[in-house]
Structure formats: structure tokens, C-alpha cells
file entry_6.txt (compact mmCIF, C-alpha atoms)
# COMPACT_ATOMS: atom_id res chain seq x y z
CA MET A 6 144.80 262.00 28.83
CA ALA A 7 142.15 259.61 30.14
CA VAL A 8 139.58 257.62 28.16
CA ILE A 9 136.75 256.25 30.29
CA GLY A 10 135.24 253.23 28.57
CA ALA A 11 136.73 250.38 26.55
CA GLY A 12 133.93 249.64 24.11
CA PRO A 13 133.91 250.48 20.38
CA TYR A 14 134.14 254.26 20.89
CA GLY A 15 136.68 254.18 23.73
CA LEU A 16 138.95 251.78 21.85
CA SER A 17 138.69 253.74 18.61
CA VAL A 18 139.47 257.07 20.28
CA ALA A 19 142.38 255.55 22.21
CA ALA A 20 143.81 254.03 19.03
CA HIS A 21 143.85 257.40 17.27
CA LEU A 22 145.26 259.22 20.31
CA ARG A 23 148.10 256.73 20.66
CA ARG A 24 148.93 256.91 16.96
CA ALA A 25 149.05 260.72 17.32
CA GLY A 26 151.50 260.38 20.20
CA VAL A 27 149.13 261.62 22.91
CA PRO A 28 149.85 259.96 26.29
CA VAL A 29 146.62 258.18 27.19
CA ARG A 30 145.29 255.83 29.86
CA VAL A 31 142.18 253.77 29.09
CA PHE A 32 139.87 252.54 31.84
CA GLY A 33 137.17 249.88 31.75
CA GLU A 34 136.55 246.28 30.80
CA VAL A 35 137.24 245.66 27.13
CA MET A 36 133.86 245.29 25.34
CA GLY A 37 132.29 244.99 28.80
CA SER A 38 128.73 245.98 27.87
CA TRP A 39 128.77 243.68 24.87
CA ARG A 40 129.84 240.83 27.15
CA HIS A 41 127.56 241.44 30.12
CA ALA A 42 124.59 243.58 28.99
CA MET A 43 123.49 241.44 26.04
CA ALA A 44 122.00 238.00 26.37
CA THR A 45 123.86 234.95 25.09
CA GLY A 46 122.74 234.14 21.57
CA MET A 47 122.09 237.71 20.45
CA PHE A 48 123.20 239.11 17.11
CA LEU A 49 124.06 242.62 15.97
CA LYS A 50 121.40 244.41 13.99
CA SER A 51 124.07 246.26 11.99
CA THR A 52 125.58 244.90 8.80
CA PRO A 53 129.32 244.10 8.58
CA ALA A 54 129.98 247.32 6.66
CA ALA A 55 128.59 249.31 9.61
CA THR A 56 130.44 247.40 12.33
CA ASP A 57 134.08 248.43 11.89
CA LEU A 58 135.94 250.08 14.73
CA SER A 59 138.05 253.04 13.68
CA ALA A 60 141.72 252.18 13.29
CA PRO A 61 144.31 254.90 12.55
CA GLY A 62 145.58 252.87 9.61
CA PRO A 63 144.60 249.99 7.33
CA GLY A 64 144.05 246.47 8.57
CA GLY A 65 141.65 247.03 11.48
CA ARG A 66 138.29 246.25 9.94
CA LEU A 67 136.04 243.38 10.95
CA SER A 68 136.83 241.71 7.63
CA ASP A 69 140.56 241.95 8.45
CA PHE A 70 139.98 240.29 11.81
CA ARG A 71 138.07 237.46 10.14
CA ARG A 72 140.76 236.98 7.51
CA VAL A 73 143.61 236.95 10.07
CA HIS A 74 141.84 234.19 11.99
CA GLY A 75 140.95 232.17 8.90
CA GLU A 76 137.21 232.79 9.31
CA PRO A 77 134.86 233.32 6.36
CA GLU A 78 133.95 236.87 5.42
CA LEU A 79 130.59 238.11 6.69
CA THR A 80 128.14 239.61 4.21
CA GLU A 81 124.96 241.69 4.44
CA LEU A 82 123.09 238.41 4.55
CA THR A 83 125.08 237.14 7.54
CA PRO A 84 123.88 238.36 10.94
CA ILE A 85 126.87 239.01 13.20
CA PRO A 86 126.88 237.12 16.53
CA CYS A 87 127.72 239.36 19.49
CA GLU A 88 130.39 236.84 20.44
CA VAL A 89 132.19 237.52 17.14
CA PHE A 90 132.02 241.27 17.70
CA VAL A 91 133.44 240.91 21.22
CA ARG A 92 136.38 238.89 19.91
CA TYR A 93 136.93 241.50 17.20
CA GLY A 94 137.03 244.27 19.83
CA GLN A 95 139.54 242.35 21.93
CA TRP A 96 141.75 241.76 18.87
CA PHE A 97 141.50 245.46 17.94
CA LYS A 98 142.59 246.40 21.47
CA GLU A 99 145.70 244.22 21.25
CA ARG A 100 146.60 245.52 17.80
CA TYR A 101 145.97 249.26 18.16
CA VAL A 102 145.44 250.23 21.80
CA GLY A 103 147.65 248.19 24.10
CA ASP A 104 147.12 248.40 27.84
CA VAL A 105 143.59 248.93 29.15
CA GLU A 106 143.21 249.24 32.92
CA PRO A 107 140.23 247.14 34.11
CA VAL A 108 139.36 249.45 36.97
CA ARG A 109 136.38 251.70 37.55
CA VAL A 110 136.73 255.46 37.56
CA ALA A 111 135.18 256.66 40.82
CA SER A 112 135.23 260.39 40.15
CA VAL A 113 136.37 263.08 37.74
CA ASP A 114 136.67 266.69 38.86
CA ARG A 115 138.52 269.79 37.80
CA ALA A 116 142.09 269.99 39.02
CA THR A 117 142.51 273.17 41.01
CA ASN A 118 146.01 274.08 39.87
CA THR A 119 146.71 272.51 36.47
CA GLY A 120 143.60 273.42 34.52
CA GLY A 121 143.05 269.74 33.78
CA PHE A 122 141.23 267.06 35.74
CA ALA A 123 141.68 265.02 38.89
CA VAL A 124 140.73 261.38 38.24
CA LEU A 125 140.10 259.08 41.20
CA LEU A 126 140.00 255.31 40.66
CA ASP A 127 137.95 252.93 42.78
CA ASP A 128 141.14 251.37 44.16
CA GLY A 129 142.04 254.70 45.73
CA ARG A 130 144.67 255.82 43.22
CA GLU A 131 144.44 259.35 41.89
CA PHE A 132 146.14 261.02 38.96
CA ALA A 133 145.99 264.20 36.91
CA ALA A 134 144.75 264.20 33.32
CA ALA A 135 145.06 267.04 30.86
CA ALA A 136 141.83 265.92 29.18
CA VAL A 137 139.13 263.27 29.64
CA VAL A 138 137.05 261.41 27.05
CA VAL A 139 133.77 259.94 28.29
CA ALA A 140 133.05 256.88 26.12
CA THR A 141 130.90 254.84 28.51
CA GLY A 142 128.21 253.93 26.00
CA LEU A 143 124.79 253.33 27.51
CA ASN A 144 126.05 252.20 30.92
CA GLY A 145 123.75 253.54 33.61
CA LEU A 146 121.29 255.04 31.11
CA ALA A 147 118.73 252.21 30.96
CA HIS A 148 115.16 253.51 31.14
CA ILE A 149 112.31 251.68 32.85
CA PRO A 150 108.91 253.45 32.89
CA GLU A 151 107.73 254.68 36.27
CA GLU A 152 104.69 252.40 36.34
CA LEU A 153 106.95 249.35 36.06
CA LEU A 154 109.42 250.54 38.69
CA HIS A 155 106.64 250.12 41.27
CA LEU A 156 107.22 246.37 40.90
CA ALA A 157 110.74 246.66 42.30
CA PRO A 158 110.90 249.13 45.20
CA GLU A 159 114.43 247.93 46.01
CA GLY A 160 115.55 248.32 42.43
CA PRO A 161 115.07 246.44 39.15
CA GLY A 162 117.23 243.46 38.26
CA ALA A 163 117.27 239.86 37.14
CA GLY A 164 116.06 238.66 40.56
CA ALA A 165 113.31 241.27 40.93
CA LEU A 166 109.86 241.29 39.34
CA VAL A 167 111.06 243.72 36.67
CA SER A 168 114.38 244.09 34.87
CA HIS A 169 115.80 245.86 31.84
CA THR A 170 117.24 243.94 28.91
CA SER A 171 120.66 245.40 29.75
CA HIS A 172 120.60 243.53 33.07
CA HIS A 173 120.97 240.14 31.38
CA SER A 174 123.64 237.99 29.84
CA ASP A 175 121.57 234.78 30.06
CA LEU A 176 117.77 234.63 29.72
CA SER A 177 117.52 230.89 30.29
CA ARG A 178 116.97 231.56 34.01
CA TYR A 179 113.30 232.23 33.15
CA ALA A 180 112.65 228.80 31.60
CA GLY A 181 109.17 227.60 32.55
CA GLN A 182 108.10 231.03 33.83
CA ARG A 183 105.61 233.55 32.50
CA VAL A 184 107.37 236.66 31.17
CA ALA A 185 105.99 239.83 29.61
CA VAL A 186 108.39 241.71 27.34
CA ILE A 187 107.60 245.41 27.01
CA GLY A 188 108.69 247.05 23.75
CA GLY A 189 108.61 246.61 19.99
CA GLY A 190 112.21 247.11 18.92
CA GLN A 191 115.10 244.77 18.23
CA SER A 192 115.97 244.26 21.88
CA ALA A 193 112.39 243.31 22.77
CA LEU A 194 111.81 241.01 19.82
CA GLU A 195 115.15 239.21 20.03
CA SER A 196 114.80 238.78 23.80
CA ALA A 197 111.34 237.32 23.25
CA ALA A 198 112.72 234.85 20.70
CA LEU A 199 115.50 233.77 23.07
CA LEU A 200 113.05 233.42 25.98
CA HIS A 201 110.69 231.29 23.88
CA GLU A 202 113.55 229.11 22.68
CA ALA A 203 114.63 228.63 26.31
CA GLY A 204 111.18 227.30 27.27
CA THR A 205 109.69 230.50 28.69
CA HIS A 206 105.99 231.35 28.33
CA VAL A 207 106.55 234.78 26.83
CA GLN A 208 104.26 237.52 25.54
CA VAL A 209 105.28 240.82 23.95
CA LEU A 210 103.40 244.07 24.60
CA VAL A 211 103.91 246.74 21.94
CA ARG A 212 102.55 250.30 22.10
CA GLN A 213 102.65 250.73 18.31
CA ARG A 214 99.88 249.50 16.05
CA ALA A 215 102.22 247.13 14.22
CA VAL A 216 105.66 245.59 14.54
CA LEU A 217 108.07 246.83 11.90
CA TRP A 218 110.67 244.52 10.36
CA GLY A 219 113.76 245.30 8.34
CA THR A 220 113.87 244.27 4.71
CA ILE A 221 116.17 241.55 3.43
CA PRO A 222 119.31 243.23 2.02
CA GLN A 223 119.91 243.16 -1.71
CA PRO A 224 123.69 243.24 -2.19
CA SER A 225 123.36 243.98 -5.92
CA ARG A 226 120.47 246.40 -6.29
CA PRO A 227 119.68 247.84 -9.74
CA TRP A 228 120.91 251.44 -10.15
CA PRO A 229 117.37 252.96 -10.17
CA GLN A 230 116.80 251.49 -6.70
CA ARG A 231 120.20 252.69 -5.50
CA LEU A 232 119.39 256.17 -6.77
CA ALA A 233 115.92 256.24 -5.23
CA LYS A 234 117.07 254.82 -1.90
CA PRO A 235 120.83 255.12 -1.43
CA ALA A 236 122.46 252.79 1.07
CA SER A 237 123.93 254.03 4.34
CA PRO A 238 125.30 252.39 7.51
CA LEU A 239 121.87 252.85 9.09
CA GLY A 240 119.74 251.62 6.21
CA THR A 241 118.46 252.84 2.85
CA GLY A 242 116.97 256.23 2.05
CA TRP A 243 118.10 259.79 1.39
CA MET A 244 117.57 261.03 4.95
CA LEU A 245 119.65 258.26 6.52
CA ASP A 246 122.31 258.70 3.86
CA ALA A 247 122.48 262.44 4.57
CA VAL A 248 122.82 262.14 8.35
CA CYS A 249 125.54 259.51 7.96
CA ARG A 250 127.53 261.51 5.42
CA THR A 251 127.38 264.83 7.27
CA PRO A 252 127.26 264.53 11.09
CA GLY A 253 128.89 267.96 11.18
CA GLY A 254 126.00 269.32 9.14
CA VAL A 255 123.53 267.78 11.58
CA ARG A 256 125.33 269.60 14.40
CA ARG A 257 124.61 272.96 12.73
CA LEU A 258 120.86 272.36 12.65
CA PRO A 259 118.62 274.01 15.28
CA ALA A 260 118.52 272.04 18.53
CA ALA A 261 114.82 271.20 18.17
CA THR A 262 115.41 269.81 14.67
CA ARG A 263 118.36 267.73 15.84
CA LEU A 264 116.38 266.23 18.70
CA LEU A 265 113.49 265.40 16.38
CA LEU A 266 115.93 263.74 14.00
CA TYR A 267 117.56 261.81 16.85
CA ARG A 268 114.22 260.53 18.15
CA ARG A 269 112.48 259.73 14.87
CA ALA A 270 115.09 258.94 12.24
CA LEU A 271 115.13 255.30 13.33
CA GLY A 272 112.01 253.98 15.00
CA PRO A 273 111.71 250.62 16.77
CA SER A 274 111.96 247.64 14.43
CA GLY A 275 113.26 244.10 14.26
CA GLY A 276 116.01 242.73 12.08
CA TRP A 277 114.86 240.93 8.95
CA TRP A 278 116.62 237.72 10.03
CA LEU A 279 114.69 237.64 13.31
CA ARG A 280 111.21 237.68 11.84
CA ASP A 281 110.89 233.91 11.33
CA ARG A 282 111.72 233.33 15.01
CA VAL A 283 108.92 235.60 16.25
CA GLU A 284 105.97 235.93 13.88
CA GLU A 285 103.25 233.34 14.55
CA ILE A 286 105.53 231.78 17.19
CA VAL A 287 105.64 234.32 20.02
CA PRO A 288 102.39 236.06 21.04
CA VAL A 289 102.80 239.76 20.20
CA HIS A 290 100.06 242.15 21.30
CA THR A 291 100.14 245.49 19.49
CA SER A 292 98.45 248.74 20.60
CA ARG A 293 98.94 247.67 24.21
CA ARG A 294 100.49 249.65 27.03
CA VAL A 295 100.86 249.03 30.75
CA ALA A 296 98.58 251.49 32.53
CA HIS A 297 99.37 250.18 36.02
CA ALA A 298 101.49 247.46 37.58
CA GLU A 299 101.56 245.98 41.06
CA ALA A 300 103.14 243.06 42.84
CA SER A 301 100.74 240.29 43.79
CA SER A 302 101.76 236.99 45.44
CA SER A 303 105.31 237.03 44.04
CA ALA A 304 103.94 237.81 40.60
CA ALA A 305 103.39 240.97 38.59
CA ARG A 306 99.83 242.03 37.86
CA LEU A 307 99.71 244.27 34.81
CA GLU A 308 96.69 246.39 33.93
CA LEU A 309 96.76 246.89 30.18
CA ALA A 310 95.11 249.58 28.09
CA GLY A 311 94.31 249.15 24.42
CA PRO A 312 91.73 249.71 21.71
CA ASP A 313 89.60 246.80 22.97
CA GLY A 314 89.47 248.16 26.49
CA PRO A 315 91.36 247.27 29.67
CA ASP A 316 92.79 243.85 30.32
CA ILE A 317 94.74 242.07 33.07
CA LEU A 318 97.93 240.07 32.58
CA THR A 319 99.67 238.23 35.43
CA VAL A 320 103.29 237.14 34.90
CA ASP A 321 106.28 235.98 36.92
CA HIS A 322 108.59 238.60 35.48
CA VAL A 323 108.47 241.76 33.37
CA LEU A 324 111.36 242.41 30.97
CA ALA A 325 111.54 246.06 29.95
CA ALA A 326 113.03 246.57 26.50
CA THR A 327 112.21 250.25 26.84
CA GLY A 328 115.42 251.84 25.69
CA TYR A 329 117.72 254.39 27.26
CA ARG A 330 117.55 258.01 28.41
CA LEU A 331 120.54 260.23 27.68
CA ASP A 332 121.33 262.06 30.89
CA ILE A 333 124.74 263.21 32.09
CA GLY A 334 123.23 263.24 35.58
CA ALA A 335 123.27 259.43 35.44
CA LEU A 336 127.07 259.33 35.13
CA PRO A 337 128.10 258.76 38.75
CA PHE A 338 131.79 259.53 38.25
CA LEU A 339 131.17 263.16 37.28
CA THR A 340 131.25 265.21 40.46
CA PRO A 341 128.26 267.52 41.00
CA ALA A 342 130.45 270.59 40.56
CA LEU A 343 131.77 269.31 37.22
CA ARG A 344 128.37 268.14 36.03
CA HIS A 345 126.73 271.49 36.77
CA GLY A 346 129.27 273.21 34.54
CA ILE A 347 128.36 271.16 31.47
CA ALA A 348 126.00 272.94 29.09
CA CYS A 349 123.32 270.66 27.65
CA VAL A 350 121.45 270.56 24.37
CA THR A 351 118.27 272.60 24.70
CA GLY A 352 115.43 270.22 25.53
CA SER A 353 117.82 267.41 26.46
CA LYS A 354 120.12 266.26 29.25
CA ALA A 355 122.85 265.37 26.77
CA PRO A 356 125.96 267.59 26.54
CA ARG A 357 126.30 270.39 24.01
CA LEU A 358 129.47 269.68 22.02
CA THR A 359 131.85 271.46 19.67
CA GLY A 360 132.78 270.08 16.28
CA GLY A 361 135.63 268.27 18.06
CA PHE A 362 133.24 266.63 20.57
CA ALA A 363 134.40 268.89 23.43
CA SER A 364 131.87 269.97 26.03
CA SER A 365 131.53 273.46 27.51
CA ILE A 366 134.24 272.43 29.99
CA PRO A 367 137.54 272.65 28.04
CA GLY A 368 139.23 269.26 27.79
CA LEU A 369 136.13 267.20 28.63
CA TYR A 370 134.89 265.20 25.64
CA PHE A 371 131.83 263.01 25.13
CA THR A 372 131.31 260.46 22.37
CA GLY A 373 128.98 257.61 21.41
CA SER A 374 125.28 257.81 22.23
CA LEU A 375 125.69 260.89 24.42
CA ALA A 376 126.85 262.74 21.30
CA ALA A 377 123.85 261.67 19.18
CA PRO A 378 121.66 264.71 19.99
CA MET A 379 124.46 266.85 18.54
CA PHE A 380 125.75 264.79 15.61
CA GLY A 381 122.78 262.61 14.71
CA PRO A 382 121.69 258.99 15.05
CA MET A 383 124.87 257.48 13.58
CA MET A 384 126.52 258.10 16.98
CA ARG A 385 124.15 255.52 18.45
CA PHE A 386 125.90 252.83 16.42
CA VAL A 387 129.42 251.52 15.84
CA ALA A 388 129.35 253.22 12.44
CA GLY A 389 130.02 256.57 14.13
CA THR A 390 133.40 255.60 15.60
CA GLU A 391 135.42 256.83 12.61
CA TYR A 392 133.92 260.30 12.58
CA ALA A 393 134.20 260.75 16.34
CA ALA A 394 137.66 259.25 16.91
CA VAL A 395 139.35 261.29 14.17
CA ARG A 396 137.95 264.57 15.42
CA ILE A 397 138.54 263.96 19.12
CA ALA A 398 142.16 263.01 18.46
CA ARG A 399 142.69 266.07 16.25
CA ASP A 400 141.16 268.40 18.84
CA ALA A 401 143.14 266.81 21.69
CA VAL A 402 146.42 267.22 19.82
CA ARG A 403 145.66 270.93 19.31
CA ARG A 404 144.74 271.29 22.98
CA ILE A 405 147.42 269.35 24.83
CA GLY A 406 150.00 268.48 22.20
CA THR A 407 151.89 265.20 21.95
CA ARG A 408 154.94 263.63 23.58

call {"tool": "encode", "arguments": {"input": "entry_6.txt", "output": "C-alpha cells"}}
result
Amino acid sequence: MAVIGAGPYGLSVAAHLRRAGVPVRVFGEVMGSWRHAMATGMFLKSTPAATDLSAPGPGGRLSDFRRVHGEPELTELTPIPCEVFVRYGQWFKERYVGDVEPVRVASVDRATNTGGFAVLLDDGREFAAAAVVVATGLNGLAHIPEELLHLAPEGPGAGALVSHTSHHSDLSRYAGQRVAVIGGGQSALESAALLHEAGTHVQVLVRQRAVLWGTIPQPSRPWPQRLAKPASPLGTGWMLDAVCRTPGGVRRLPAATRLLLYRRALGPSGGWWLRDRVEEIVPVHTSRRVAHAEASSSAARLELAGPDGPDILTVDHVLAATGYRLDIGALPFLTPALRHGIACVTGSKAPRLTGGFASSIPGLYFTGSLAAPMFGPMMRFVAGTEYAAVRIARDAVRRIGTR
């Protein structure tokens, strides 16, 4: 069996498969996106209780990792540095997963004779797999609006006029420059804070009428508050609590309802601990959108629309914190023939999945964010690893057996 991806979901699935005795090969760079697609100095928005990878036995939680290394326990009031999470993932890999092959999967196609899959690696090696788990996270799914793509005809990136937040591991390269950050969520606001602190002249453009901020956690809330707004890995409130407790129930909802839940259950907002680094420090312009963008003398000229009429903003770089689009067509390793056989959620380009996370092609599984339109918004976060890993391993054992 092959697991493509060595982030939180790939490692968790691999750990459960290996404990179940399923022969498995894992491909990818351990915690690669967390190391290379997040800027130095960033923190996780999730609380420690929502940041555990799924181990097939006790002792694999973030708190266990901290205790083993003699580090103080993290609480709800302690934002988690990405660097700590990366080290935790690497420790988890050594403890529960073992070998991970740091090579790229070039293609996956159906095997003509075995009923499984032919997996081709970028070093030219090929092997047969009885089943494949796609756990590639958000790699390749970054979304930049069409009007901004006009600024980079040869492609967006750190050296072009426009880039996506996922293109960066170090924002200090823009020190002294004028940068416009597009977006009003955590990625936009934290990037803006880091840019400002690195000496960048930064402005944030937000489509919404106001920036929303998380509330400071209350570790010991009175019982009436806990009853009115129960806690969940994604925040407080009955709706979030329900979607976290019953991802299988979310899957049984009509497709249109699931997509609405996926898109609106968690709107853009900033972490409570970030607020003091942004408010009244970084210029944030709400109710603003980029109507048109063009390159002008090695700078970006942005035509803005808003309630006060049009405006012009000229900057040296545009940083798009505009999220991701779930689209199996953006996974280059799936051959066209294989991709065309995958049924998608109605109204989406994400795969339709069984209760065991299997697609319409037997033996091909998807997990993480690509599973969120089926199982709900918890799959967008590390908190979903337990639910997904247990069910994928159980389904795989039924399908292909063990050693």
C-alpha cells in the first residue's frame, strides 16, 4: 500500500496501517508543507488539544512529545510555534511510522493486471500497490484570483509581482518594500504582522466589512457557558461541536448542505493572540477588493473598488492570502485516465468518498482537506487525523488484508 504525503494526515494513516500489519510505503518530505509553505515566525491557530496526530496507541500526543523532551506543557493560552509542530511531526514519524521515502510520486494509474495501482516515482522506479492513500494536504491547491494572475504571466512566486502565502518560508525578503496583502483571514493577518515586523511597508485589503478576531480562551468556563457554547476542536458553539463529533453524520447530509457547511462553518478570522500585532499597527482597509491589476514600471498598480468609490494603490509586491481551491485536477500525479474515473461531490471538484474515505475507484483513498466536502470542516485541520486514520486503516485491512 502507498501513502502519498508525509504531513499530519499521511503520518497518522501510515501509523495505523503499520500497527494493523498492512505493508505500506510512505512518500514525501516529513512535514514538508509546514517547513516550506509557512513563513518563519508563524504560529498555529489551533489549540494544543486540537493539534495531536493520531497514534495507534497511547503516548503520541503533542503533550507527550513535550514531556519526553523536557519542555513545558502548552495550554490554550499558549500559541504553538510552527517550528514546535514540525519537530513533533518528525518525532511522531520516528516513533510510529519508521521509514519515509523523500521522493516525489510522478504518477499513479490503474495496474492493468492486478486490479491495484502502478506507482511511478520521479527517480524512474515503478512498483505495484494494492491501494493508494492521497494525503498531500493543500499542495498545488493554492488559489490566486484571476485579476491578480495578470501580474505574473510567467507564473506567481516570491520573485514575481504576485505570490501566494504558501510560496514563502521567509517574508523578510520584502523589507523596505511596499506590499499589499489580499485577504482577511489568519494567513493574511499573520503575514502582514511578520512583514511589518521585518520593516516592510504593508497594507491589508479585506473584502469583508470588518476583520473578525478569535476570543481569548477561558480554560475554566462556568457550566452555563459550557452548556450554551460547548467547546470543540474548531471553537465554541453547538454547530462546531456537532460537526466535530459526527463527521460520519455530516457525510450523510445532502451534497448542497455539506458544501454550504464546508464553506461557511468557519469564516476568515485572526487568532486572538495576533490582534495586538495588527490592530492600529498595520493599515487594514476593509470593504476593499481589487477590481483590476496591471504591471507598471516593475510595480503592481491595483485598482480598488469600495464603498467610497474607486482608488489606486501602487505596490512592489502583492501577497495573496486568498485560500485554496479543492480540485483533484490539480493533483499532477493522477493520470488523466485515473482522474476521469473519480466521482466528485456534486457542485465541487473534490472526490466523493465512502465512510472509509475510499473514492469511486476501489482502493484509492483521499484524506485531509480534500475530504472536507464529504466529512465537514474538521478535515481541514489536524483535529481530523484520528477520525480519518482509523477508518482508512480499517477499510484497507478489509480490502487487502495484512501480512

call {"tool": "closest_residue", "arguments": {"input": "entry_6.txt", "among": "A:Ala19, A:Gln182, A:Pro63, A:Met384", "to": "A:Gly103", "atoms": "all atoms listed in the file"}}
result
A:Ala19

call {"tool": "closest_atom_pairs", "arguments": {"input": "entry_6.txt", "of": "stretch 137-196 of chain A", "to": "stretch 322-329 of chain A", "cutoff": "9 Å", "atoms": "only C-alpha atoms", "output": "CSV"}}
result
residue,atom,partner,partner_atom,distance
A:Leu143,CA,A:Tyr329,CA,7.2
A:Gly145,CA,A:Tyr329,CA,8.8
A:Leu146,CA,A:Tyr329,CA,5.3
A:Ala147,CA,A:Tyr329,CA,4.4
A:His148,CA,A:Tyr329,CA,4.7
A:Ile149,CA,A:Thr327,CA,6.2
A:Pro150,CA,A:Thr327,CA,7.6
A:Leu153,CA,A:Val323,CA,8.2
A:Leu156,CA,A:Val323,CA,8.9
A:Ala163,CA,A:Leu324,CA,8.9
A:Ala165,CA,A:His322,CA,7.7
A:Leu166,CA,A:His322,CA,4.9
A:Val167,CA,A:Val323,CA,4.6
A:Ser168,CA,A:Leu324,CA,5.2
A:His169,CA,A:Ala325,CA,4.7
A:Thr170,CA,A:Ala326,CA,5.5
A:Ser171,CA,A:Ala326,CA,8.4
A:Tyr179,CA,A:His322,CA,8.3
A:Gln182,CA,A:His322,CA,7.8
A:Arg183,CA,A:His322,CA,6.6
A:Val184,CA,A:His322,CA,4.9
A:Ala185,CA,A:Val323,CA,4.9
A:Val186,CA,A:Leu324,CA,4.7
A:Ile187,CA,A:Ala325,CA,5.0
A:Gly188,CA,A:Ala326,CA,5.2
A:Gly189,CA,A:Ala326,CA,7.9
A:Gly190,CA,A:Ala326,CA,7.6
A:Gln191,CA,A:Ala326,CA,8.7
A:Ser192,CA,A:Ala326,CA,5.9
A:Ala193,CA,A:Ala326,CA,5.0
A:Leu194,CA,A:Ala326,CA,8.8
A:Ser196,CA,A:Ala326,CA,8.4

call {"tool": "write_last_selection", "arguments": {"input": "entry_6.txt", "atoms": "C-alpha atoms", "output": "PDB file, keeping the file's coordinate frame"}}
result
ATOM      1  CA  LEU A 143     124.790 253.330  27.510  1.00  0.00           C
ATOM      2  CA  GLY A 145     123.750 253.540  33.610  1.00  0.00           C
ATOM      3  CA  LEU A 146     121.290 255.040  31.110  1.00  0.00           C
ATOM      4  CA  ALA A 147     118.730 252.210  30.960  1.00  0.00           C
ATOM      5  CA  HIS A 148     115.160 253.510  31.140  1.00  0.00           C
ATOM      6  CA  ILE A 149     112.310 251.680  32.850  1.00  0.00           C
ATOM      7  CA  PRO A 150     108.910 253.450  32.890  1.00  0.00           C
ATOM      8  CA  LEU A 153     106.950 249.350  36.060  1.00  0.00           C
ATOM      9  CA  LEU A 156     107.220 246.370  40.900  1.00  0.00           C
ATOM     10  CA  ALA A 163     117.270 239.860  37.140  1.00  0.00           C
ATOM     11  CA  ALA A 165     113.310 241.270  40.930  1.00  0.00           C
ATOM     12  CA  LEU A 166     109.860 241.290  39.340  1.00  0.00           C
ATOM     13  CA  VAL A 167     111.060 243.720  36.670  1.00  0.00           C
ATOM     14  CA  SER A 168     114.380 244.090  34.870  1.00  0.00           C
ATOM     15  CA  HIS A 169     115.800 245.860  31.840  1.00  0.00           C
ATOM     16  CA  THR A 170     117.240 243.940  28.910  1.00  0.00           C
ATOM     17  CA  SER A 171     120.660 245.400  29.750  1.00  0.00           C
ATOM     18  CA  TYR A 179     113.300 232.230  33.150  1.00  0.00           C
ATOM     19  CA  GLN A 182     108.100 231.030  33.830  1.00  0.00           C
ATOM     20  CA  ARG A 183     105.610 233.550  32.500  1.00  0.00           C
ATOM     21  CA  VAL A 184     107.370 236.660  31.170  1.00  0.00           C
ATOM     22  CA  ALA A 185     105.990 239.830  29.610  1.00  0.00           C
ATOM     23  CA  VAL A 186     108.390 241.710  27.340  1.00  0.00           C
ATOM     24  CA  ILE A 187     107.600 245.410  27.010  1.00  0.00           C
ATOM     25  CA  GLY A 188     108.690 247.050  23.750  1.00  0.00           C
ATOM     26  CA  GLY A 189     108.610 246.610  19.990  1.00  0.00           C
ATOM     27  CA  GLY A 190     112.210 247.110  18.920  1.00  0.00           C
ATOM     28  CA  GLN A 191     115.100 244.770  18.230  1.00  0.00           C
ATOM     29  CA  SER A 192     115.970 244.260  21.880  1.00  0.00           C
ATOM     30  CA  ALA A 193     112.390 243.310  22.770  1.00  0.00           C
ATOM     31  CA  LEU A 194     111.810 241.010  19.820  1.00  0.00           C
ATOM     32  CA  SER A 196     114.800 238.780  23.800  1.00  0.00           C
TER      33      SER A 196
END

call {"tool": "closest_residue", "arguments": {"input": "entry_6.txt", "among": "A:Ala54, A:Ala11, A:Leu22, A:Ala198", "to": "A:Arg282", "atoms": "only C-alpha atoms"}}
result
A:Ala198

call {"tool": "closest_residue", "arguments": {"input": "entry_6.txt", "among": "A:Trp277, A:Leu239, A:Val295, A:Arg231", "to": "A:Glu151", "atoms": "only C-alpha atoms"}}
result
A:Val295

call {"tool": "residues_around", "arguments": {"input": "entry_6.txt", "residues": "A:Leu369", "least_positions_apart": "2", "cutoff": "6 Å", "atoms": "only C-alpha atoms", "output": "number ranges by chain"}}
result
A: 136-137, 363-364, 366-367

call {"tool": "build_atoms", "arguments": {"input": "entry_6.txt", "residues": "stretch 78-82 of chain A", "atoms": "all heavy atoms", "output": "compact mmCIF listing (two decimals), in the coordinates of the input"}}
result
# COMPACT_ATOMS: atom_id res chain seq x y z
N GLU A 78 134.41 235.48 5.41
CA GLU A 78 133.95 236.87 5.42
C GLU A 78 132.44 236.92 5.65
O GLU A 78 131.68 236.10 5.13
CB GLU A 78 134.31 237.55 4.10
CG GLU A 78 133.95 239.02 4.06
CD GLU A 78 134.39 239.69 2.78
OE1 GLU A 78 135.00 239.00 1.92
OE2 GLU A 78 134.13 240.90 2.63
N LEU A 79 132.02 237.89 6.43
CA LEU A 79 130.59 238.11 6.69
C LEU A 79 130.03 239.04 5.63
O LEU A 79 130.69 239.98 5.19
CB LEU A 79 130.40 238.71 8.08
CG LEU A 79 130.89 237.85 9.25
CD1 LEU A 79 130.90 238.66 10.54
CD2 LEU A 79 130.01 236.62 9.41
N THR A 80 128.80 238.79 5.22
CA THR A 80 128.14 239.61 4.21
C THR A 80 126.90 240.26 4.81
O THR A 80 126.55 240.03 5.97
CB THR A 80 127.73 238.77 3.01
OG1 THR A 80 126.60 237.93 3.37
CG2 THR A 80 128.87 237.88 2.53
N GLU A 81 126.22 241.06 4.00
CA GLU A 81 124.96 241.69 4.44
C GLU A 81 123.92 240.65 4.83
O GLU A 81 123.01 240.94 5.60
CB GLU A 81 124.40 242.58 3.33
CG GLU A 81 125.18 243.83 3.06
CD GLU A 81 124.51 244.67 1.99
OE1 GLU A 81 123.59 245.44 2.32
OE2 GLU A 81 124.90 244.53 0.81
N LEU A 82 124.06 239.47 4.28
CA LEU A 82 123.09 238.41 4.55
C LEU A 82 123.54 237.50 5.68
O LEU A 82 122.97 236.43 5.89
CB LEU A 82 122.87 237.60 3.28
CG LEU A 82 122.27 238.38 2.10
CD1 LEU A 82 122.23 237.53 0.84
CD2 LEU A 82 120.86 238.85 2.45
